[in-house]
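Content type mmCIF, C-alpha atoms (C1' of nucleotides), from the file data13.cif:
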```
data_input
#
loop_
_atom_site.label_atom_id
_atom_site.label_comp_id
_atom_site.auth_asym_id
_atom_site.auth_seq_id
_atom_site.Cartn_x
_atom_site.Cartn_y
_atom_site.Cartn_z
CA MET A 1456 -17.53 -85.01 -46.34
CA ALA A 1457 -17.85 -84.98 -50.07
CA GLY A 1458 -18.12 -81.60 -51.72
CA LYS A 1459 -17.21 -79.65 -48.62
CA ARG A 1460 -13.81 -77.99 -48.52
CA ARG A 1461 -12.22 -77.84 -45.17
CA ARG A 1462 -12.09 -74.33 -43.80
CA ARG A 1463 -8.73 -72.61 -43.59
CA PHE A 1464 -9.41 -71.63 -39.98
CA GLY A 1465 -11.93 -73.04 -37.54
CA ALA A 1466 -14.89 -75.34 -38.07
CA MET A 1467 -18.62 -74.82 -38.25
CA ARG A 1468 -21.69 -76.99 -37.89
CA LYS A 1469 -25.42 -76.65 -37.83
CA LEU A 1470 -27.07 -77.76 -34.62
CA PRO A 1471 -30.47 -79.50 -34.48
CA SER A 1472 -31.92 -76.22 -33.23
CA GLY A 1473 -30.95 -74.63 -36.53
CA ARG A 1474 -28.30 -72.40 -34.99
CA TYR A 1475 -24.64 -72.51 -35.92
CA GLN A 1476 -21.80 -73.45 -33.65
CA VAL A 1477 -18.15 -72.78 -34.39
CA SER A 1478 -15.00 -74.25 -32.94
CA TYR A 1479 -11.36 -73.43 -33.44
CA LEU A 1480 -7.83 -74.29 -32.33
CA GLY A 1481 -6.24 -71.83 -29.95
CA PRO A 1482 -2.56 -70.91 -30.01
CA ASP A 1483 -2.06 -73.82 -27.62
CA SER A 1484 -3.55 -76.19 -30.25
CA LYS A 1485 -6.52 -77.02 -28.05
CA ARG A 1486 -9.96 -77.11 -29.63
CA ARG A 1487 -12.53 -74.72 -28.19
CA ASN A 1488 -16.12 -73.89 -28.94
CA ALA A 1489 -17.17 -70.29 -29.31
CA PRO A 1490 -18.89 -69.10 -26.12
CA GLU A 1491 -22.22 -68.77 -27.93
CA THR A 1492 -23.95 -70.06 -31.03
CA PHE A 1493 -25.04 -67.95 -34.00
CA PRO A 1494 -28.43 -67.54 -35.64
CA ASN A 1495 -27.06 -67.87 -39.18
CA LYS A 1496 -24.04 -68.88 -41.16
CA THR A 1497 -22.94 -65.32 -41.92
CA ALA A 1498 -22.69 -64.37 -38.27
CA ALA A 1499 -20.68 -67.49 -37.59
CA GLU A 1500 -18.34 -66.71 -40.48
CA GLN A 1501 -17.81 -63.19 -39.19
CA TYR A 1502 -16.99 -64.48 -35.74
CA LEU A 1503 -14.33 -66.79 -37.12
CA ALA A 1504 -12.85 -64.03 -39.27
CA ARG A 1505 -12.53 -61.70 -36.31
CA LEU A 1506 -11.08 -64.44 -34.18
CA GLU A 1507 -8.46 -65.30 -36.76
CA THR A 1508 -7.37 -61.68 -36.97
CA THR A 1509 -6.90 -61.35 -33.24
CA MET A 1510 -4.99 -64.60 -33.09
CA MET A 1511 -2.71 -63.52 -35.92
CA ALA A 1512 -2.06 -60.29 -34.05
CA GLY A 1513 -1.15 -62.30 -30.99
CA GLU A 1514 -4.02 -60.77 -29.06
CA TRP A 1515 -6.08 -63.83 -28.37
CA ALA A 1516 -7.27 -64.29 -24.81
CA ASP A 1517 -8.19 -67.60 -23.24
CA PRO A 1518 -11.86 -67.40 -22.20
CA ALA A 1519 -11.39 -70.10 -19.56
CA LYS A 1520 -8.65 -68.20 -17.80
CA ALA A 1521 -10.70 -65.03 -17.85
CA LYS A 1522 -12.80 -66.56 -15.08
CA ILE A 1523 -9.99 -66.36 -12.53
CA HIS A 1524 -10.74 -63.79 -9.87
CA VAL A 1525 -8.71 -60.62 -9.93
CA GLY A 1526 -7.77 -60.98 -6.27
CA ASP A 1527 -6.54 -64.55 -6.66
CA TYR A 1528 -4.55 -63.74 -9.74
CA ALA A 1529 -2.94 -60.72 -8.08
CA ASP A 1530 -2.08 -62.73 -5.00
CA GLN A 1531 -0.44 -65.37 -7.15
CA TRP A 1532 1.36 -62.67 -9.11
CA ILE A 1533 2.98 -61.26 -5.98
CA THR A 1534 4.03 -64.72 -4.82
CA GLN A 1535 5.61 -65.58 -8.13
CA ARG A 1536 7.39 -62.29 -8.68
CA PRO A 1537 11.12 -62.83 -8.55
CA ARG A 1538 13.52 -60.51 -6.80
CA LEU A 1539 11.08 -58.22 -5.02
CA SER A 1540 12.47 -56.73 -1.86
CA PRO A 1541 10.69 -57.76 1.35
CA ARG A 1542 9.53 -54.22 1.89
CA THR A 1543 7.89 -54.18 -1.51
CA VAL A 1544 6.20 -57.53 -0.96
CA ASP A 1545 4.77 -56.20 2.28
CA LEU A 1546 3.50 -53.08 0.60
CA TYR A 1547 2.01 -54.97 -2.33
CA ARG A 1548 0.18 -57.39 -0.03
CA TRP A 1549 -1.13 -54.56 2.01
CA LEU A 1550 -2.32 -52.62 -1.05
CA LEU A 1551 -4.00 -55.73 -2.38
CA ALA A 1552 -5.80 -56.51 0.84
CA LYS A 1553 -6.79 -52.96 1.62
CA HIS A 1554 -7.43 -51.20 -1.67
CA ILE A 1555 -7.93 -53.84 -4.36
CA GLU A 1556 -9.45 -57.01 -2.92
CA PRO A 1557 -12.47 -55.35 -1.26
CA TYR A 1558 -13.41 -53.52 -4.46
CA VAL A 1559 -12.59 -55.65 -7.50
CA GLY A 1560 -11.04 -58.73 -5.92
CA ARG A 1561 -14.02 -61.01 -6.53
CA LEU A 1562 -14.44 -59.92 -10.13
CA PRO A 1563 -13.43 -62.42 -12.83
CA MET A 1564 -10.50 -61.13 -14.84
CA GLY A 1565 -12.61 -60.92 -17.97
CA LYS A 1566 -15.11 -58.63 -16.27
CA LEU A 1567 -12.55 -56.04 -15.32
CA THR A 1568 -13.31 -53.42 -17.94
CA PRO A 1569 -11.78 -49.95 -18.22
CA ALA A 1570 -15.06 -48.64 -16.82
CA ALA A 1571 -14.74 -50.93 -13.81
CA VAL A 1572 -11.20 -49.72 -13.21
CA ARG A 1573 -12.30 -46.11 -13.49
CA GLN A 1574 -15.10 -46.68 -11.03
CA TRP A 1575 -12.76 -48.49 -8.65
CA ARG A 1576 -10.48 -45.49 -8.56
CA VAL A 1577 -13.36 -43.10 -8.01
CA ASP A 1578 -14.58 -45.25 -5.12
CA LEU A 1579 -11.12 -45.38 -3.63
CA LEU A 1580 -10.72 -41.61 -3.65
CA ALA A 1581 -14.27 -41.14 -2.39
CA ALA A 1582 -13.41 -43.38 0.55
CA GLY A 1583 -10.76 -40.88 1.54
CA VAL A 1584 -7.72 -42.69 0.13
CA SER A 1585 -5.00 -40.22 -0.79
CA GLN A 1586 -3.85 -39.58 -4.35
CA THR A 1587 -0.53 -41.14 -3.54
CA MET A 1588 -1.93 -44.40 -2.24
CA ALA A 1589 -4.55 -44.60 -4.97
CA ALA A 1590 -1.77 -44.18 -7.52
CA LYS A 1591 0.22 -46.95 -5.87
CA ALA A 1592 -2.69 -49.33 -5.88
CA TYR A 1593 -3.44 -48.40 -9.47
CA ARG A 1594 0.14 -49.05 -10.55
CA LEU A 1595 0.16 -52.40 -8.81
CA LEU A 1596 -3.06 -53.47 -10.50
CA ARG A 1597 -1.74 -52.28 -13.83
CA ALA A 1598 1.49 -54.24 -13.39
CA VAL A 1599 -0.47 -57.35 -12.50
CA LEU A 1600 -2.75 -56.99 -15.50
CA ASN A 1601 0.17 -56.31 -17.80
CA THR A 1602 1.42 -59.76 -16.95
CA ALA A 1603 -2.05 -61.16 -17.60
CA VAL A 1604 -1.91 -59.61 -21.07
CA ASP A 1605 1.68 -60.25 -22.03
CA GLU A 1606 2.45 -63.60 -20.51
CA ASP A 1607 -0.74 -65.43 -19.66
CA SER A 1608 -3.06 -64.41 -22.51
CA ILE A 1609 -5.87 -63.85 -20.05
CA LEU A 1610 -6.69 -60.39 -21.31
CA VAL A 1611 -6.36 -58.81 -24.72
CA LYS A 1612 -5.68 -55.33 -23.45
CA ASN A 1613 -4.94 -53.83 -20.06
CA PRO A 1614 -8.08 -52.13 -18.73
CA CYS A 1615 -5.98 -49.79 -16.59
CA ARG A 1616 -5.96 -46.80 -18.86
CA VAL A 1617 -6.93 -43.88 -16.68
CA ARG A 1618 -4.75 -40.96 -17.70
CA GLY A 1619 -2.69 -39.62 -14.82
CA ALA A 1620 -3.97 -42.18 -12.34
CA ASP A 1621 -0.47 -43.53 -11.76
CA GLN A 1622 0.86 -40.12 -10.85
CA GLU A 1623 1.67 -39.26 -7.27
CA THR A 1624 1.19 -35.60 -6.53
CA PRO A 1625 4.57 -34.36 -5.43
CA SER A 1626 4.54 -31.93 -2.56
CA GLU A 1627 7.09 -29.36 -1.58
CA ARG A 1628 9.29 -30.12 1.38
CA PRO A 1629 10.37 -27.31 3.70
CA VAL A 1630 13.87 -26.02 3.13
CA LEU A 1631 15.95 -25.64 6.26
CA THR A 1632 18.59 -22.97 6.53
CA VAL A 1633 22.08 -23.66 7.84
CA LYS A 1634 21.09 -21.79 10.98
CA GLN A 1635 18.05 -23.98 11.52
CA VAL A 1636 20.04 -27.16 11.10
CA PHE A 1637 22.47 -26.02 13.77
CA GLU A 1638 19.57 -25.12 16.05
CA LEU A 1639 18.23 -28.59 15.58
CA ALA A 1640 21.62 -30.11 16.25
CA ASP A 1641 22.06 -28.03 19.39
CA ALA A 1642 18.70 -29.19 20.65
CA MET A 1643 19.76 -32.83 20.66
CA PRO A 1644 19.80 -34.32 24.15
CA VAL A 1645 23.28 -35.74 23.75
CA ARG A 1646 26.40 -34.73 21.91
CA ARG A 1647 26.62 -37.71 19.60
CA LEU A 1648 23.18 -37.12 18.21
CA ARG A 1649 24.20 -33.56 17.50
CA THR A 1650 26.94 -34.94 15.30
CA LEU A 1651 24.43 -37.25 13.66
CA ILE A 1652 22.31 -34.28 12.63
CA LEU A 1653 25.21 -32.30 11.22
CA VAL A 1654 26.73 -35.20 9.32
CA THR A 1655 23.37 -36.09 7.82
CA ALA A 1656 22.73 -32.57 6.59
CA PHE A 1657 26.22 -31.63 5.43
CA CYS A 1658 26.90 -34.95 3.74
CA THR A 1659 23.30 -35.24 2.46
CA LEU A 1660 22.82 -38.77 3.72
CA ARG A 1661 19.73 -40.93 3.99
CA TRP A 1662 18.71 -42.28 7.38
CA GLY A 1663 19.56 -45.85 6.40
CA GLU A 1664 23.00 -44.71 5.27
CA VAL A 1665 23.98 -42.61 8.25
CA VAL A 1666 23.10 -45.24 10.85
CA ALA A 1667 25.07 -47.84 8.92
CA LEU A 1668 28.29 -45.81 8.97
CA ARG A 1669 31.27 -47.45 10.67
CA ARG A 1670 34.58 -46.15 11.93
CA GLY A 1671 36.35 -47.60 8.92
CA ASP A 1672 34.20 -45.50 6.60
CA VAL A 1673 35.62 -42.24 7.90
CA ALA A 1674 39.02 -40.87 6.98
CA PRO A 1675 41.13 -40.36 10.14
CA ASP A 1676 41.11 -36.59 9.67
CA GLY A 1677 37.35 -36.57 9.06
CA SER A 1678 37.76 -35.25 5.54
CA ARG A 1679 36.07 -38.08 3.75
CA LEU A 1680 33.16 -40.41 4.26
CA HIS A 1681 32.67 -43.69 2.46
CA VAL A 1682 29.05 -44.74 2.04
CA ARG A 1683 28.98 -48.44 1.32
CA GLN A 1684 26.12 -49.85 3.33
CA ALA A 1685 22.55 -48.94 4.20
CA VAL A 1686 20.07 -50.50 6.57
CA THR A 1687 16.37 -51.00 6.09
CA GLU A 1688 13.81 -52.15 8.60
CA VAL A 1689 11.90 -55.12 7.29
CA ALA A 1690 8.72 -56.52 8.77
CA ARG A 1691 9.32 -59.66 10.81
CA ARG A 1692 13.05 -59.50 10.20
CA GLY A 1693 14.09 -56.32 11.95
CA VAL A 1694 17.11 -54.39 10.76
CA VAL A 1695 18.66 -55.62 7.56
CA VAL A 1696 22.07 -54.41 6.39
CA GLY A 1697 22.70 -54.28 2.69
CA PRO A 1698 24.10 -52.18 -0.12
CA PRO A 1699 22.64 -48.68 -0.50
CA LYS A 1700 19.43 -48.04 -2.34
CA SER A 1701 21.02 -47.72 -5.73
CA ARG A 1702 24.17 -48.59 -7.54
CA ALA A 1703 25.30 -44.98 -7.34
CA GLY A 1704 24.60 -45.07 -3.61
CA VAL A 1705 28.06 -46.43 -2.93
CA ARG A 1706 30.15 -43.30 -2.91
CA THR A 1707 32.88 -41.33 -1.22
CA LEU A 1708 32.00 -37.87 0.04
CA ILE A 1709 34.15 -34.94 0.99
CA VAL A 1710 33.05 -33.79 4.43
CA PRO A 1711 32.70 -30.00 4.65
CA ALA A 1712 35.46 -28.56 6.81
CA ALA A 1713 32.86 -27.06 9.13
CA VAL A 1714 31.93 -30.42 10.60
CA ARG A 1715 35.24 -32.29 10.34
CA ALA A 1716 36.49 -31.39 13.78
CA GLU A 1717 33.20 -32.42 15.28
CA LEU A 1718 33.31 -35.73 13.46
CA VAL A 1719 36.85 -36.49 14.58
CA GLN A 1720 36.00 -35.64 18.16
CA HIS A 1721 32.96 -37.87 17.91
CA LEU A 1722 35.15 -40.76 16.77
CA GLU A 1723 37.49 -40.26 19.70
CA GLU A 1724 34.86 -39.92 22.37
CA TRP A 1725 32.04 -42.18 21.39
CA VAL A 1726 32.97 -44.75 18.83
CA ASP A 1727 34.41 -48.10 19.81
CA ALA A 1728 37.75 -49.24 18.49
CA GLY A 1729 37.90 -51.29 15.34
CA SER A 1730 36.92 -50.37 11.83
CA GLU A 1731 33.60 -52.17 12.13
CA ALA A 1732 32.34 -50.13 15.07
CA LEU A 1733 29.16 -48.25 14.27
CA LEU A 1734 29.38 -44.46 14.25
CA PHE A 1735 25.90 -43.93 15.63
CA PRO A 1736 24.79 -47.09 17.42
CA ALA A 1737 21.78 -47.54 19.67
CA ASP A 1738 22.39 -47.97 23.39
CA ASN A 1739 22.52 -51.72 22.90
CA GLY A 1740 25.39 -51.30 20.46
CA LYS A 1741 23.36 -52.39 17.46
CA HIS A 1742 21.96 -50.28 14.64
CA MET A 1743 19.79 -47.43 15.80
CA ARG A 1744 16.14 -47.80 14.93
CA ARG A 1745 14.10 -45.00 13.43
CA SER A 1746 11.32 -45.06 15.95
CA ASN A 1747 13.87 -45.32 18.70
CA PHE A 1748 15.51 -42.10 17.58
CA SER A 1749 12.24 -40.23 17.05
CA GLN A 1750 10.96 -41.08 20.47
CA ARG A 1751 14.18 -40.48 22.24
CA VAL A 1752 14.62 -36.94 20.98
CA LYS A 1753 10.85 -36.35 20.86
CA TRP A 1754 11.29 -35.29 17.25
CA THR A 1755 7.77 -34.08 16.55
CA GLN A 1756 7.56 -31.87 19.61
CA LEU A 1757 11.12 -30.71 19.12
CA VAL A 1758 10.74 -29.39 15.61
CA THR A 1759 7.47 -27.75 16.58
CA ARG A 1760 9.12 -26.03 19.51
CA LEU A 1761 11.88 -24.76 17.23
CA GLY A 1762 9.39 -23.33 14.81
CA MET A 1763 9.97 -26.03 12.19
CA LYS A 1764 6.66 -27.80 12.51
CA GLY A 1765 6.30 -30.72 10.16
CA VAL A 1766 9.99 -31.06 9.37
CA HIS A 1767 11.17 -34.65 8.81
CA PHE A 1768 14.55 -36.14 9.43
CA HIS A 1769 14.91 -36.69 5.70
CA ASP A 1770 14.58 -32.93 5.20
CA LEU A 1771 18.12 -32.61 6.53
CA ARG A 1772 19.27 -34.35 3.40
CA HIS A 1773 17.15 -32.03 1.31
CA ALA A 1774 18.60 -29.02 3.01
CA GLY A 1775 22.12 -30.22 2.32
CA ASN A 1776 21.28 -30.79 -1.31
CA ILE A 1777 19.82 -27.32 -1.69
CA TRP A 1778 22.93 -25.79 -0.20
CA VAL A 1779 25.14 -27.78 -2.50
CA ALA A 1780 23.07 -26.75 -5.50
CA ARG A 1781 23.36 -23.10 -4.46
CA VAL A 1782 27.09 -23.33 -4.45
CA GLY A 1783 26.67 -23.73 -8.18
CA VAL A 1784 27.75 -27.26 -8.99
CA SER A 1785 26.75 -29.17 -12.08
CA THR A 1786 23.84 -31.58 -12.10
CA LYS A 1787 26.24 -34.43 -12.55
CA ASP A 1788 28.29 -33.46 -9.52
CA LEU A 1789 25.17 -33.01 -7.46
CA MET A 1790 23.94 -36.46 -8.47
CA ALA A 1791 27.24 -37.99 -7.48
CA ARG A 1792 27.11 -36.38 -4.06
CA MET A 1793 23.53 -37.44 -3.50
CA GLY A 1794 24.28 -40.95 -4.65
CA HIS A 1795 21.75 -40.87 -7.46
CA ASP A 1796 21.68 -42.68 -10.75
CA ASP A 1797 18.85 -40.51 -11.89
CA MET A 1798 18.94 -36.81 -12.63
CA ARG A 1799 15.37 -35.94 -11.76
CA ALA A 1800 15.88 -35.20 -8.11
CA ALA A 1801 19.06 -33.26 -8.77
CA LEU A 1802 17.23 -31.10 -11.27
CA ILE A 1803 14.62 -30.23 -8.68
CA TYR A 1804 17.32 -28.77 -6.47
CA GLN A 1805 18.87 -26.86 -9.31
CA ARG A 1806 15.50 -25.46 -10.24
CA ALA A 1807 15.00 -24.29 -6.67
CA THR A 1808 18.33 -22.55 -6.90
CA GLN A 1809 17.42 -20.90 -10.16
CA GLU A 1810 14.32 -19.51 -8.53
CA ALA A 1811 16.43 -18.10 -5.74
CA ASP A 1812 18.76 -16.58 -8.31
CA GLN A 1813 15.79 -15.02 -10.01
CA ALA A 1814 14.68 -13.48 -6.75
CA ILE A 1815 18.14 -12.06 -6.21
CA ALA A 1816 18.27 -10.70 -9.72
CA ASP A 1817 14.87 -9.10 -9.22
CA GLN A 1818 16.05 -7.40 -6.06
CA LEU A 1819 19.13 -6.10 -7.82
CA SER A 1820 17.01 -4.73 -10.61
CA LYS A 1821 14.89 -2.95 -8.09
CA LEU A 1822 17.91 -1.30 -6.59
CA ALA A 1823 19.07 -0.21 -10.03
CA ASP A 1824 15.67 1.22 -10.81
CA GLU A 1825 15.62 3.18 -7.58
CA HIS A 1826 19.04 4.54 -8.39
CA ARG A 1827 17.93 5.69 -11.82
CA SER A 1828 14.86 7.44 -10.54
CA ASP A 1829 16.98 9.57 -8.21
"C1'" DG B 890 21.74 -42.44 -36.50
"C1'" DG B 891 23.62 -41.53 -32.31
"C1'" DG B 892 23.42 -39.08 -28.25
"C1'" DC B 893 20.48 -36.60 -25.40
"C1'" DT B 894 16.11 -35.59 -22.57
"C1'" DC B 895 11.48 -36.86 -21.15
"C1'" DT B 896 8.02 -40.22 -19.89
"C1'" DT B 897 6.35 -44.54 -18.40
"C1'" DC B 898 6.49 -48.31 -15.58
"C1'" DG B 899 7.80 -50.85 -11.82
"C1'" DG B 900 9.97 -50.85 -7.52
"C1'" DT B 901 12.00 -49.18 -2.76
"C1'" DC B 902 12.68 -46.44 1.40
"C1'" DG B 903 11.24 -42.94 5.09
"C1'" DG B 904 8.13 -41.30 8.83
"C1'" DG B 905 4.65 -41.05 12.43
"C1'" DA B 906 1.28 -43.21 15.44
"C1'" DT B 907 0.31 -46.67 18.42
"C1'" DA B 908 0.04 -51.23 20.49
"C1'" DG B 909 2.63 -54.46 23.00
"C1'" DC C 407 12.19 -50.23 23.94
"C1'" DT C 408 10.44 -53.07 19.59
"C1'" DA C 409 7.01 -54.25 16.18
"C1'" DT C 410 3.63 -53.14 13.15
"C1'" DC C 411 0.21 -50.53 10.64
"C1'" DC C 412 -0.70 -47.13 7.49
"C1'" DC C 413 0.62 -43.76 4.58
"C1'" DG C 414 3.78 -40.64 1.89
"C1'" DA C 415 7.95 -39.66 -0.81
"C1'" DC C 416 11.66 -41.11 -3.63
"C1'" DC C 417 14.27 -43.60 -7.19
"C1'" DG C 418 16.17 -46.68 -11.45
"C1'" DA C 419 15.82 -48.71 -15.89
"C1'" DA C 420 14.02 -48.84 -20.15
"C1'" DG C 421 11.29 -47.09 -23.69
"C1'" DA C 422 9.72 -43.00 -26.37
"C1'" DG C 423 10.60 -38.82 -28.40
"C1'" DC C 424 13.72 -35.30 -30.04
"C1'" DC C 425 17.51 -32.87 -31.99
"C1'" DC C 426 21.14 -32.35 -34.36
#
```
The structure given in the file should be rewritten as structure tokens.
Amino acid sequence: MAGKRRRRFGAMRKLPSGRYQVSYLGPDSKRRNAPETFPNKTAAEQYLARLETTMMAGEWADPAKAKIHVGDYADQWITQRPRLSPRTVDLYRWLLAKHIEPYVGRLPMGKLTPAAVRQWRVDLLAAGVSQTMAAKAYRLLRAVLNTAVDEDSILVKNPCRVRGADQETPSERPVLTVKQVFELADAMPVRRLRTLILVTAFCTLRWGEVVALRRGDVAPDGSRLHVRQAVTEVARRGVVVGPPKSRAGVRTLIVPAAVRAELVQHLEEWVDAGSEALLFPADNGKHMRRSNFSQRVKWTQLVTRLGMKGVHFHDLRHAGNIWVARVGVSTKDLMARMGHDDMRAALIYQRATQEADQAIADQLSKLADEHRSD
DNA sequence: GGGCTCTTCGGTCGGGATAG
DNA sequence: CTATCCCGACCGAAGAGCCC
């Protein structure tokens, strides 16, 4: 066209109706029309200018893809995610079906605004969903949408921006005393489960770790324990044996002298020969199952009867950790014993100890004050 | 300007109820 | 007894912020 310079970015034409239509090349070099036409040339120019800026900033979103439904995209996301553990896949699918799909699943991606996300969360909580589960669902949706932003150019910005919505409200677990742990152990219907309780508490083990222990993991004199495996129960696959939860989970523990004799006796009386024999097997010789144990010892009723209502098996591990922290070890040492890579949990125990120290100090001060006033 | 701590984000395991 | 549903708690890696 004579006299007309080609535009640096995009193209523009006047339609028979008198309105202006613009088109442009996306980052994928495909030509697209703007979703609407403009009443005058200036408006069209402004649209192109804004568009160019977003594209330069790498924030351009493909309008066609924005029509994909949130639920479909999320479903695809889970399927395509590499290296998710089976447990996580199960959880994600469940969260999607239960807490996401029914609310925003049929919404096109482009229609999922921050306001819609906010409302979704409000609805979820109003429906009686706990903070914890709402936070989980929120985090999943956010992770999905982050991929939509970063990799697929479906969205410009993640609409999940509710402050604190990803936070799970931590709750205090009861702290068992040494005496209570022994009471619990004594209440076990059979001797070998008594040992299970004591080893779990004094070696601060996880359930999956303690039931995976084998004869070869215990030093002959019961002084050391080698944690090298852990089991998880996976839907449709049953018990799965693998490495412990974290890298630091593989560890060697010194067994407190107080339970060594018991452990050695347990090995003699109950554990099959051979280094691969399980320390605490089920009656069928295979790994003990959680629900099997709970039902067998009637856990819920038991702890209630002993005045420890609401105590979980995992609280044995907590108790052990608290005791260890009270002995006055460093955070690093505590982490090593717990099999943690992360210091957060260890710090919680040390804080609990500090509070106890404070209480002791306060009591001492009181005594001193009483003395002075005499 | 390198090592530390804190926060954010994504991911994994534990526990109880209940149906089979 | 096992399997599964539903929910709650816990954890690791990397990025952000901070302090020498």
Nearest residue to chain B from the set A:Arg1616, A:Arg1745, A:Arg1486, A:Arg1573 (distances using all atoms listed in the file): A:Arg1745
C:DT408 surroundings by all atoms listed in the file, 9 Å radius, close-in-sequence under 5 positions cut, as number ranges by chain: A: 1746-1747; B: 909
Matched chain/residue IDs from the PyMOL selection byres ((chain C) within 8 of (chain A)), as a list in words: DC407, DA409, DT410, DC413, DG414, DA415, DC417 and DG418 of chain C
Exercise answer, chain B residues close to chain A, 9 Å and all atoms listed in the file, as a PyMOL selection string: chain B and resi 898-905
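In this structure, atom CA of A:Arg1463 sits 15.4 Å away from atom CA of A:Thr1509.
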d(atom CA of A:Gln1684, atom CA of A:Lys1741) in Å: 14.6 Å
Hits of the PyMOL selection byres ((chain A and resi 1602-1605) around 12) in this structure, as a PDB file with C-alpha atoms, in the frame of the given file:
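Output (out.pdb):
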```pdb
ATOM      1  CA  GLY A1513      -1.150 -62.300 -30.990  1.00  0.00           C
ATOM      2  CA  GLU A1514      -4.020 -60.770 -29.060  1.00  0.00           C
ATOM      3  CA  TRP A1515      -6.080 -63.830 -28.370  1.00  0.00           C
ATOM      4  CA  ALA A1516      -7.270 -64.290 -24.810  1.00  0.00           C
ATOM      5  CA  ASP A1517      -8.190 -67.600 -23.240  1.00  0.00           C
ATOM      6  CA  LYS A1520      -8.650 -68.200 -17.800  1.00  0.00           C
ATOM      7  CA  ALA A1521     -10.700 -65.030 -17.850  1.00  0.00           C
ATOM      8  CA  ILE A1523      -9.990 -66.360 -12.530  1.00  0.00           C
ATOM      9  CA  HIS A1524     -10.740 -63.790  -9.870  1.00  0.00           C
ATOM     10  CA  VAL A1525      -8.710 -60.620  -9.930  1.00  0.00           C
ATOM     11  CA  TYR A1528      -4.550 -63.740  -9.740  1.00  0.00           C
ATOM     12  CA  ALA A1529      -2.940 -60.720  -8.080  1.00  0.00           C
ATOM     13  CA  GLN A1531      -0.440 -65.370  -7.150  1.00  0.00           C
ATOM     14  CA  TRP A1532       1.360 -62.670  -9.110  1.00  0.00           C
ATOM     15  CA  ILE A1533       2.980 -61.260  -5.980  1.00  0.00           C
ATOM     16  CA  GLN A1535       5.610 -65.580  -8.130  1.00  0.00           C
ATOM     17  CA  ARG A1536       7.390 -62.290  -8.680  1.00  0.00           C
ATOM     18  CA  MET A1564     -10.500 -61.130 -14.840  1.00  0.00           C
ATOM     19  CA  GLY A1565     -12.610 -60.920 -17.970  1.00  0.00           C
ATOM     20  CA  LEU A1567     -12.550 -56.040 -15.320  1.00  0.00           C
ATOM     21  CA  LEU A1595       0.160 -52.400  -8.810  1.00  0.00           C
ATOM     22  CA  LEU A1596      -3.060 -53.470 -10.500  1.00  0.00           C
ATOM     23  CA  ARG A1597      -1.740 -52.280 -13.830  1.00  0.00           C
ATOM     24  CA  ALA A1598       1.490 -54.240 -13.390  1.00  0.00           C
ATOM     25  CA  VAL A1599      -0.470 -57.350 -12.500  1.00  0.00           C
ATOM     26  CA  LEU A1600      -2.750 -56.990 -15.500  1.00  0.00           C
ATOM     27  CA  ASN A1601       0.170 -56.310 -17.800  1.00  0.00           C
ATOM     28  CA  GLU A1606       2.450 -63.600 -20.510  1.00  0.00           C
ATOM     29  CA  ASP A1607      -0.740 -65.430 -19.660  1.00  0.00           C
ATOM     30  CA  SER A1608      -3.060 -64.410 -22.510  1.00  0.00           C
ATOM     31  CA  ILE A1609      -5.870 -63.850 -20.050  1.00  0.00           C
ATOM     32  CA  LEU A1610      -6.690 -60.390 -21.310  1.00  0.00           C
ATOM     33  CA  VAL A1611      -6.360 -58.810 -24.720  1.00  0.00           C
ATOM     34  CA  LYS A1612      -5.680 -55.330 -23.450  1.00  0.00           C
ATOM     35  CA  ASN A1613      -4.940 -53.830 -20.060  1.00  0.00           C
ATOM     36  CA  PRO A1614      -8.080 -52.130 -18.730  1.00  0.00           C
ATOM     37  CA  CYS A1615      -5.980 -49.790 -16.590  1.00  0.00           C
TER      38      CYS A1615
END
```
Test item: residues at most 10 Å from C:DA422, only C-alpha atoms (C1' of nucleotides), excluding those fewer than 3 positions along its chain, as an NGL selection string: :B and (895-897)
Export of the given selection (C-alpha atoms (C1' of nucleotides)) as an mmCIF file, keeping the file's coordinate frame:
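File again.cif, as written:
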```
data_model
loop_
_atom_site.group_PDB
_atom_site.id
_atom_site.type_symbol
_atom_site.label_atom_id
_atom_site.label_comp_id
_atom_site.auth_asym_id
_atom_site.auth_seq_id
_atom_site.Cartn_x
_atom_site.Cartn_y
_atom_site.Cartn_z
ATOM 1 C "C1'" DC B 895 11.480 -36.860 -21.150
ATOM 2 C "C1'" DT B 896 8.020 -40.220 -19.890
ATOM 3 C "C1'" DT B 897 6.350 -44.540 -18.400
#
```
Residues matched by the PyMOL selection byres ((chain A and resi 1713) around 12) as a PyMOL selection string: chain A and resi 1633+1637+1650+1653-1654+1656-1658+1677-1678+1709-1712+1714-1719
Point-to-point distance from atom CA of A:Leu1503 to atom CA of A:Pro1569, Å rounded to tenths: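 Distance reported for this atom pair: 25.4 Å.
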Distance query 12 Å from (-27.0, -77.5, -36.0) using all atoms listed in the file, result as a PyMOL selection string: chain A and resi 1467-1477+1492-1496+1499
Step by step, gather every atom of stretch 890-907 of chain B that the file lists, find the box along x, y and z that holds them, add 4 Å on each side, and finally give centre and edge lengths in Å to one decimal, as AutoDock Vina command-line options.
```
--center_x 12.0 --center_y -43.2 --center_z -9.0 --size_x 31.3 --size_y 23.3 --size_z 62.9
```
